[in-house]
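Structure first, commentary second.
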Amino acid sequence: MINTQQNLRPSIERLGEGIYQELYELAKPYLDTRSNDIHTRIAFTCAKELLKFYPDADQAVVLAAIILHDVGWKMVPESRQLTAFGPKMKDPDLRRVHEVEGVRIASEIMVAADYDFSKREEILLIIEGHDSRDTALSLNDKLLKDADKLWRFTQTSVEIYHQRFLMGLQEYMDWLEGRIENWFFTPEADRLARETLAELQMNLT
């Protein structure tokens with residue numbers, strides 16, 4: 001179960017000491033749109049939770065990618081962002097804009113942070129298709145994609161997006177439930193999503 005009240009409390013800014021905090025600080029100017037500052041912190045914690053089940057995954061790739069994966073939304077006008085994802089998506093091509101721009105910005109951030117050069121190419125490949133690519137390139141990519149989606153099942157995300165999409169709370173949670181079977185690559189993410197949504201159903205309705 002994803003504990004949104006403690007482990008994923010969105011008011012907690014720090015991602016830990018060292019390079020991940022540095023990447024986040026450099027990414028911050030690009031995350032002040034679409035609630036991406038909150039999303040990034042929560043998705044980071046989701047990624048750390050999933051990494052516990054997969055010791056063979058490369059933490060340095062997964063955690064850097066989750067911090068940087070959505071910086072490209074800054075280049076998409078806010079008035080058009082809600083048309084590019086979610087239950088009322090009308091312009092999925094905009095997802096490619098944020099992915100392509102995200103690769104450019106993430107590359108610049110990793111250079112500025114002097115992030116491990118040997119990890120950069122894989123991180124950028126993951127970011128380049130994290131939303132538009134239906135398949136996963138690797139275990140690292142699977143964990144990034146799953147952590148990115150898991151955030152949507154937290155109380156914080158549900159409360160933000162059911163209002164933003166002008167949907168009733170139950171209607172939005174029903175929509176999320178219908179996505180679980182096809183969204184996740186790992187059984188652990190599937191289980192966490194179902195558990196967390198069931199908890200929200202009890203607490204919010």
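Following the order of the structure tokens, first chain is A, next is B, and so on, with residues numbered from 1 inside each chain and ligands from 1 in the order they appear.
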
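Near Ile109 (chain A), within a cut-off of 10 Å and counting only C-alpha atoms, sit the residues A:Glu22, A:Leu23, A:Tyr24, A:Glu25, A:Leu26, A:Ala27, A:Leu68, A:Val71, A:Val103, A:Arg104, A:Ile105, A:Ala106, A:Ser107, A:Val111, A:Ala112, A:Ala113, A:Asp114, A:Tyr115, with same-chain residues fewer than 2 positions away left out.
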
- Message: Quick one: residues within 10 Å of region 171-180 of chain A, only C-alpha atoms, excluding same-chain residues fewer than 4 positions away - as number ranges by chain?
- Response: A: 86-87, 149-150, 152-153, 158-159, 161-163, 165-167, 184, 189-191, 193-194, 197-198, 200-201

- Message: Please list as a list of chain:residue names every residue within 8 Å of Ala64 (chain A), counting only C-alpha atoms and excluding residues in the same chain fewer than 2 positions away.
- Response: A:Tyr20, A:Leu23, A:Ala60, A:Val61, A:Val62, A:Ile66, A:Ile67, A:Leu68, A:Ile123

I need the alpha helix (DSSP H) residues of region 18-89 of chain A per DSSP on the backbone, written as a tab-separated table (two decimals) with C-alpha atoms, in the first residue's frame.
chain	number	residue	atom	x	y	z
A	19	ILE	CA	23.21	13.96	-6.41
A	20	TYR	CA	19.46	13.31	-6.50
A	21	GLN	CA	18.76	16.43	-4.49
A	22	GLU	CA	21.08	18.36	-6.81
A	23	LEU	CA	19.24	17.07	-9.89
A	24	TYR	CA	15.91	18.00	-8.33
A	25	GLU	CA	17.06	21.52	-7.49
A	26	LEU	CA	18.24	22.01	-11.08
A	27	ALA	CA	14.96	20.57	-12.40
A	36	ASN	CA	4.93	18.44	-11.58
A	37	ASP	CA	6.84	19.51	-8.49
A	38	ILE	CA	4.47	17.45	-6.35
A	39	HIS	CA	4.28	14.67	-8.93
A	40	THR	CA	8.06	14.34	-9.12
A	41	ARG	CA	8.55	14.03	-5.37
A	42	ILE	CA	5.83	11.42	-5.02
A	43	ALA	CA	6.90	9.45	-8.11
A	44	PHE	CA	10.46	9.46	-6.74
A	45	THR	CA	9.21	7.73	-3.59
A	46	CYS	CA	7.18	5.29	-5.70
A	47	ALA	CA	10.33	4.46	-7.66
A	48	LYS	CA	12.30	3.84	-4.48
A	49	GLU	CA	9.55	1.52	-3.25
A	50	LEU	CA	9.57	-0.48	-6.50
A	51	LEU	CA	13.37	-0.68	-6.52
A	59	GLN	CA	18.96	2.82	-9.19
A	60	ALA	CA	21.17	5.53	-10.67
A	61	VAL	CA	19.20	5.32	-13.92
A	62	VAL	CA	15.71	4.92	-12.49
A	63	LEU	CA	15.90	7.67	-9.86
A	64	ALA	CA	17.54	10.23	-12.11
A	65	ALA	CA	15.02	9.48	-14.85
A	66	ILE	CA	12.04	9.91	-12.51
A	67	ILE	CA	13.35	13.28	-11.35
A	68	LEU	CA	13.86	14.52	-14.90
A	78	GLU	CA	-0.55	25.37	-19.72
A	79	SER	CA	-3.80	26.02	-21.56
A	80	ARG	CA	-3.19	22.90	-23.66
A	81	GLN	CA	-1.67	20.51	-21.15

- Item | A:His98, A:Arg164, A:Lys52, A:Arg120 ranked by distance to Leu143 (chain A), top pick (using only C-alpha atoms) |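 Of all the options, A:Lys52 lies closest to Leu143 (chain A).
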